[in-house]
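Q: Contents of input-v1.tsv (TSV, C-alpha atoms) are below:
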```tsv
chain	number	residue	atom	x	y	z
K	28	MET	CA	128.03	59.61	55.69
K	29	ALA	CA	131.30	59.15	53.83
K	30	ARG	CA	133.93	61.84	54.37
K	31	ILE	CA	134.40	62.29	50.63
K	32	SER	CA	131.89	61.71	47.86
K	33	TYR	CA	131.60	58.43	46.04
K	34	PRO	CA	132.54	58.79	42.39
K	35	SER	CA	129.57	59.09	40.07
K	36	HIS	CA	129.23	55.92	38.01
K	37	ASP	CA	128.70	57.86	34.78
K	38	LYS	CA	131.93	59.80	35.37
K	39	LEU	CA	134.15	56.81	36.16
K	40	GLU	CA	137.18	56.20	33.99
K	41	ASP	CA	136.72	53.26	31.63
K	42	LYS	CA	139.04	51.08	33.73
K	43	ALA	CA	137.09	51.92	36.90
K	44	LYS	CA	133.74	51.22	35.17
K	45	GLU	CA	135.03	47.86	34.00
K	46	ILE	CA	136.12	46.98	37.55
K	47	TYR	CA	132.92	48.14	39.22
K	48	ASP	CA	130.52	46.77	36.60
K	49	GLY	CA	132.30	43.40	36.76
K	50	LEU	CA	131.57	42.97	40.45
K	51	PRO	CA	128.84	40.48	41.35
K	52	ILE	CA	127.79	42.71	44.26
K	53	LYS	CA	127.98	46.50	44.09
K	54	LEU	CA	129.66	47.64	47.30
K	55	ASN	CA	130.23	51.17	48.59
K	56	LEU	CA	133.77	50.04	49.41
K	57	ALA	CA	134.39	49.16	45.76
K	58	LEU	CA	132.79	52.33	44.45
K	59	MET	CA	135.00	54.45	46.71
K	60	LEU	CA	138.05	52.53	45.52
K	61	CYS	CA	137.13	53.47	41.94
K	62	HIS	CA	138.57	56.91	42.63
K	63	THR	CA	141.83	55.09	41.89
K	64	PRO	CA	141.29	52.20	39.45
K	65	THR	CA	145.00	51.36	39.48
K	66	ILE	CA	144.62	50.36	43.14
K	67	ALA	CA	140.98	49.20	43.03
K	68	GLY	CA	141.57	46.21	40.75
K	69	PRO	CA	144.40	44.56	42.71
K	70	PHE	CA	142.80	45.47	46.05
K	71	LEU	CA	139.51	43.79	45.14
K	72	ARG	CA	141.19	40.80	43.46
K	73	LEU	CA	143.13	40.04	46.64
K	74	GLY	CA	139.91	40.12	48.67
K	75	SER	CA	138.23	37.85	46.16
K	76	ALA	CA	141.15	35.39	46.24
K	77	ILE	CA	141.01	35.26	50.03
K	78	LEU	CA	137.27	34.57	49.99
K	79	THR	CA	137.09	32.16	47.07
K	80	GLN	CA	140.46	30.50	46.56
K	81	SER	CA	142.25	30.23	49.90
K	82	LYS	CA	142.55	26.89	51.63
K	83	ILE	CA	141.52	28.30	55.02
K	84	PRO	CA	138.43	26.39	56.13
K	85	PRO	CA	135.56	28.83	55.43
K	86	VAL	CA	134.24	28.91	59.01
K	87	LEU	CA	137.70	29.67	60.39
K	88	ARG	CA	138.31	32.29	57.70
K	89	GLU	CA	135.09	34.06	58.58
K	90	LEU	CA	135.75	33.87	62.33
K	91	LEU	CA	139.15	35.44	61.70
K	92	ILE	CA	137.54	38.26	59.71
K	93	VAL	CA	134.81	38.77	62.33
K	94	ARG	CA	137.44	39.01	65.07
K	95	ILE	CA	139.41	41.61	63.08
K	96	ALA	CA	136.20	43.55	62.39
K	97	HIS	CA	135.18	43.44	66.05
K	98	LEU	CA	138.58	44.59	67.33
K	99	THR	CA	138.68	47.46	64.83
K	100	ASP	CA	135.02	48.35	65.37
K	101	SER	CA	134.26	47.92	61.67
K	102	THR	CA	130.48	47.74	61.44
K	103	TYR	CA	130.75	47.64	57.64
K	104	GLU	CA	132.81	44.44	57.73
K	105	LEU	CA	130.59	42.93	60.42
K	106	SER	CA	127.48	43.73	58.37
K	107	HIS	CA	128.89	41.54	55.59
K	108	HIS	CA	130.81	38.85	57.42
K	109	ILE	CA	128.36	37.92	60.19
K	110	PRO	CA	125.87	36.69	57.54
K	111	ILE	CA	128.66	35.00	55.56
K	112	SER	CA	129.89	33.33	58.76
K	113	LYS	CA	126.45	31.93	59.44
K	114	ALA	CA	126.08	30.81	55.83
K	115	VAL	CA	129.30	28.76	56.03
K	116	GLY	CA	128.33	27.15	59.33
K	117	ALA	CA	129.47	29.33	62.22
K	118	ASN	CA	127.09	29.17	65.15
K	119	GLU	CA	125.78	32.20	67.03
K	120	ALA	CA	127.48	31.28	70.31
K	121	THR	CA	130.91	31.11	68.66
K	122	LEU	CA	130.30	34.34	66.76
K	123	GLU	CA	129.35	36.04	70.01
K	124	LEU	CA	132.62	34.91	71.62
K	125	PHE	CA	134.57	36.29	68.64
K	126	ARG	CA	132.78	39.62	69.11
K	127	SER	CA	133.68	39.83	72.78
K	128	GLU	CA	136.47	39.13	75.19
K	129	GLY	CA	134.50	36.10	76.31
K	130	GLU	CA	135.46	32.70	77.56
K	131	LYS	CA	137.93	31.25	75.07
K	132	ASP	CA	137.74	27.90	76.85
K	133	LYS	CA	134.40	27.37	75.07
K	134	LEU	CA	136.16	27.48	71.68
K	135	SER	CA	137.70	24.53	69.87
K	136	PRO	CA	141.52	24.47	69.72
K	137	GLU	CA	141.39	25.70	66.11
K	138	GLU	CA	138.97	28.51	66.93
K	139	SER	CA	141.02	29.55	69.95
K	140	LEU	CA	144.13	29.77	67.81
K	141	ILE	CA	142.31	31.89	65.20
K	142	PHE	CA	141.03	34.12	68.01
K	143	ASP	CA	144.61	34.60	69.27
K	144	LEU	CA	146.06	35.18	65.80
K	145	ALA	CA	143.56	37.92	64.98
K	146	SER	CA	143.82	39.52	68.43
K	147	GLU	CA	147.60	39.63	68.33
K	148	ILE	CA	147.77	41.04	64.80
K	149	VAL	CA	145.39	43.86	65.73
K	150	ASN	CA	146.49	44.55	69.30
K	151	SER	CA	150.23	43.86	69.08
K	152	ASP	CA	150.87	44.71	65.42
K	153	ALA	CA	152.09	41.15	64.83
K	154	ALA	CA	151.30	37.59	65.77
K	155	SER	CA	153.55	36.14	68.43
K	156	GLU	CA	156.11	33.49	67.60
K	157	ARG	CA	154.15	31.05	69.77
K	158	THR	CA	150.92	31.63	67.85
K	159	VAL	CA	152.63	31.47	64.46
K	160	LEU	CA	154.34	28.19	65.30
K	161	LYS	CA	151.14	26.68	66.73
K	162	CYS	CA	149.21	27.71	63.59
K	163	ALA	CA	151.92	26.22	61.37
K	164	GLU	CA	151.81	22.99	63.35
K	165	LEU	CA	148.03	22.72	63.39
K	166	PHE	CA	147.16	24.05	59.92
K	167	GLY	CA	150.40	23.81	57.91
K	168	GLU	CA	152.54	26.63	56.59
K	169	GLU	CA	150.45	27.38	53.49
K	170	ILE	CA	147.28	27.94	55.49
K	171	LEU	CA	149.21	29.89	58.15
K	172	ILE	CA	150.43	32.29	55.44
K	173	GLU	CA	146.91	32.59	54.06
K	174	MET	CA	145.58	33.33	57.57
K	175	VAL	CA	148.14	36.09	58.16
K	176	VAL	CA	147.41	37.58	54.73
K	177	CYS	CA	143.66	37.37	55.41
K	178	ALA	CA	143.97	39.04	58.81
K	179	SER	CA	146.29	41.72	57.43
K	180	TYR	CA	144.05	42.38	54.44
K	181	TYR	CA	140.93	42.80	56.55
K	182	LEU	CA	142.81	45.02	58.98
K	183	MET	CA	143.72	47.20	55.98
K	184	VAL	CA	140.11	47.11	54.75
K	185	SER	CA	138.91	48.20	58.17
K	186	ARG	CA	141.34	51.11	58.28
K	187	PHE	CA	140.23	52.18	54.79
K	188	LEU	CA	136.53	51.92	55.64
K	189	LYS	CA	136.86	53.79	58.90
K	190	SER	CA	139.21	56.49	57.59
K	191	LEU	CA	136.72	57.40	54.88
K	192	ASP	CA	133.64	56.57	57.00
K	193	ILE	CA	132.21	54.48	54.19
K	194	ASP	CA	128.46	53.95	54.51
K	195	LEU	CA	126.90	50.56	55.05
K	196	ASP	CA	125.62	49.06	51.83
K	197	LYS	CA	121.88	49.11	51.19
K	198	GLY	CA	120.11	46.36	53.05
K	199	ARG	CA	122.94	45.84	55.54
K	200	GLN	CA	122.39	46.24	59.23
K	201	THR	CA	124.70	47.01	62.09
K	202	THR	CA	125.30	44.06	64.36
```
Since I need it in another form, could you write the structure as structure tokens?

A:
Amino acid sequence: MARISYPSHDKLEDKAKEIYDGLPIKLNLALMLCHTPTIAGPFLRLGSAILTQSKIPPVLRELLIVRIAHLTDSTYELSHHIPISKAVGANEATLELFRSEGEKDKLSPEESLIFDLASEIVNSDAASERTVLKCAELFGEEILIEMVVCASYYLMVSRFLKSLDIDLDKGRQTT
């Protein structure tokens, strides 16, 4: 159960109602953010841009998010991004490796690099120079920047979710 109450939809400020009602999927995360509509709009727009407009290949984007969610023990994020990962083509064996400290040698070079990038950002507070340069070489600088922003955003989302103990959305299961 969330540590503070979700705002009541009928008591939301007009700006917050507009933000929440405009969402294609009603998420507990978004409703909690509506306590502060000034932050909610930009916060949710960045997430939407990462998911719908970035040039990161969708499978790699989702593996990056799953790795961040696993390392931060974010069941909320996993409950959303495991199904999305599968929908964009990630296979169960790869997802299992990203949710463990398993055998990285079974991953493709791209997947292994994503695994390292996410792990370093969470565990070391920053990606190493080696990983950054390898990502830039393999994916290009634009996608590297998008990957770091994606990882950083979902790390922030995880901290927000866990700090407020936001409930899983209806119909979502723990993984």

Q: Of the candidates K:Arg88, K:Arg186, K:Lys42, K:His62, which one gets nearest to Glu173 (chain K) if we count all atoms listed in the file?

A: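 Looking at the shortest contact to Glu173 (chain K), the residue is K:Arg88.
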
Q: Go through K:Ala96, K:Leu60, K:Asp48, K:Thr65 one by one, measure the shortest atom-to-atom distance of each to Val149 (chain K) using all atoms listed in the file, and give the residue with the smallest value.

A: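 Closest to Val149 (chain K) of all the choices is K:Ala96.
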
Q: Counting only C-alpha atoms, which residues have an atom no more than 12 Å from (139.0, 35.3, 50.3) in the file's coordinates? Please list them as an mmCIF file with C-alpha atoms, keeping the file's coordinate frame.

A:
```
data_model
loop_
_atom_site.group_PDB
_atom_site.id
_atom_site.type_symbol
_atom_site.label_atom_id
_atom_site.label_comp_id
_atom_site.auth_asym_id
_atom_site.auth_seq_id
_atom_site.Cartn_x
_atom_site.Cartn_y
_atom_site.Cartn_z
ATOM 1 C CA PHE K 70 142.800 45.470 46.050
ATOM 2 C CA LEU K 71 139.510 43.790 45.140
ATOM 3 C CA ARG K 72 141.190 40.800 43.460
ATOM 4 C CA LEU K 73 143.130 40.040 46.640
ATOM 5 C CA GLY K 74 139.910 40.120 48.670
ATOM 6 C CA SER K 75 138.230 37.850 46.160
ATOM 7 C CA ALA K 76 141.150 35.390 46.240
ATOM 8 C CA ILE K 77 141.010 35.260 50.030
ATOM 9 C CA LEU K 78 137.270 34.570 49.990
ATOM 10 C CA THR K 79 137.090 32.160 47.070
ATOM 11 C CA GLN K 80 140.460 30.500 46.560
ATOM 12 C CA SER K 81 142.250 30.230 49.900
ATOM 13 C CA LYS K 82 142.550 26.890 51.630
ATOM 14 C CA ILE K 83 141.520 28.300 55.020
ATOM 15 C CA PRO K 84 138.430 26.390 56.130
ATOM 16 C CA PRO K 85 135.560 28.830 55.430
ATOM 17 C CA VAL K 86 134.240 28.910 59.010
ATOM 18 C CA LEU K 87 137.700 29.670 60.390
ATOM 19 C CA ARG K 88 138.310 32.290 57.700
ATOM 20 C CA GLU K 89 135.090 34.060 58.580
ATOM 21 C CA LEU K 91 139.150 35.440 61.700
ATOM 22 C CA ILE K 92 137.540 38.260 59.710
ATOM 23 C CA HIS K 108 130.810 38.850 57.420
ATOM 24 C CA ILE K 111 128.660 35.000 55.560
ATOM 25 C CA GLU K 173 146.910 32.590 54.060
ATOM 26 C CA MET K 174 145.580 33.330 57.570
ATOM 27 C CA VAL K 176 147.410 37.580 54.730
ATOM 28 C CA CYS K 177 143.660 37.370 55.410
ATOM 29 C CA ALA K 178 143.970 39.040 58.810
ATOM 30 C CA TYR K 180 144.050 42.380 54.440
ATOM 31 C CA TYR K 181 140.930 42.800 56.550
#
```

Q: Find the residues around Leu54 (chain K) up to 12 Å (only C-alpha atoms counted), leave out those fewer than 2 positions away in its own chain, and share them as a PyMOL selection string.

A: chain K and resi 33+46-52+56-61+71+103-104+106-107+188+193-199

Q: Within 9 Å of Thr99 (chain K), counting all atoms listed in the file, which residues show up once you throw out same-chain ones fewer than 2 positions away? Write them as a PDB file with C-alpha atoms, in the frame of the given file, please.

A:
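Saved file result-v2.pdb follows:
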```pdb
ATOM      1  CA  ARG K  94     137.440  39.010  65.070  1.00  0.00           C
ATOM      2  CA  ILE K  95     139.410  41.610  63.080  1.00  0.00           C
ATOM      3  CA  ALA K  96     136.200  43.550  62.390  1.00  0.00           C
ATOM      4  CA  HIS K  97     135.180  43.440  66.050  1.00  0.00           C
ATOM      5  CA  SER K 101     134.260  47.920  61.670  1.00  0.00           C
ATOM      6  CA  THR K 102     130.480  47.740  61.440  1.00  0.00           C
ATOM      7  CA  VAL K 149     145.390  43.860  65.730  1.00  0.00           C
ATOM      8  CA  LEU K 182     142.810  45.020  58.980  1.00  0.00           C
ATOM      9  CA  SER K 185     138.910  48.200  58.170  1.00  0.00           C
ATOM     10  CA  ARG K 186     141.340  51.110  58.280  1.00  0.00           C
ATOM     11  CA  LYS K 189     136.860  53.790  58.900  1.00  0.00           C
TER      12      LYS K 189
END
```

Q: I'd like the contact shell of Leu144 (chain K) - 9 Å cut-off, all atoms listed in the file, skipping same-chain residues fewer than 3 positions apart - returned as an MDAnalysis selection string.

A: chainID K and resid 91 139:141 147:149 153:155 158:159 162 174:175 178

Q: Mind giving me the straight-line distance from CA of Pro69 (chain K) to CA of Phe187 (chain K) in Å, one decimal?

A: 14.9 Å

Q: Go through K:Met183, K:Glu40, K:Asn55, K:Arg126 and flag the residue nearest Leu90 (chain K), using all atoms listed in the file for the distances.

A: K:Arg126

Q: Could you please determine the separation between CA of Ala117 (chain K) and CA of Ser179 (chain K) in Å, to one decimal place?

A: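 Separating CA of Ala117 (chain K) from CA of Ser179 (chain K) is a distance of 21.4 Å.
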
Q: Quote the spacing between CA of Ala29 (chain K) and CA of Ala145 (chain K) in Å to one decimal place.

A: 26.9 Å

Q: Determine the nearest neighbour of Ser190 (chain K) from the options K:Lys113, K:Lys44, K:His36, K:Arg30, counting all atoms listed in the file.

A: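 Among the listed residues, K:Arg30 lies closest to Ser190 (chain K).
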
Q: From the set K:Val93, K:Leu98, K:Ala67, K:Ser35, which residue has the shortest atom-to-atom contact distance to Ser151 (chain K), counting all atoms listed in the file?

A: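 That would be K:Leu98, the residue with the smallest distance to Ser151 (chain K).
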
Q: Using the file's own x, y and z axes, so that the box edges lie along x, y and z, what centre and edge lengths in Å (one decimal) does a box around every listed atom of region 81-85 of chain K get when 4 Å is added on each side? Give it as lines of an AutoDock Vina configuration file.

A:
```
center_x = 139.1
center_y = 28.3
center_z = 53.0
size_x = 15.0
size_y = 11.8
size_z = 14.2
```
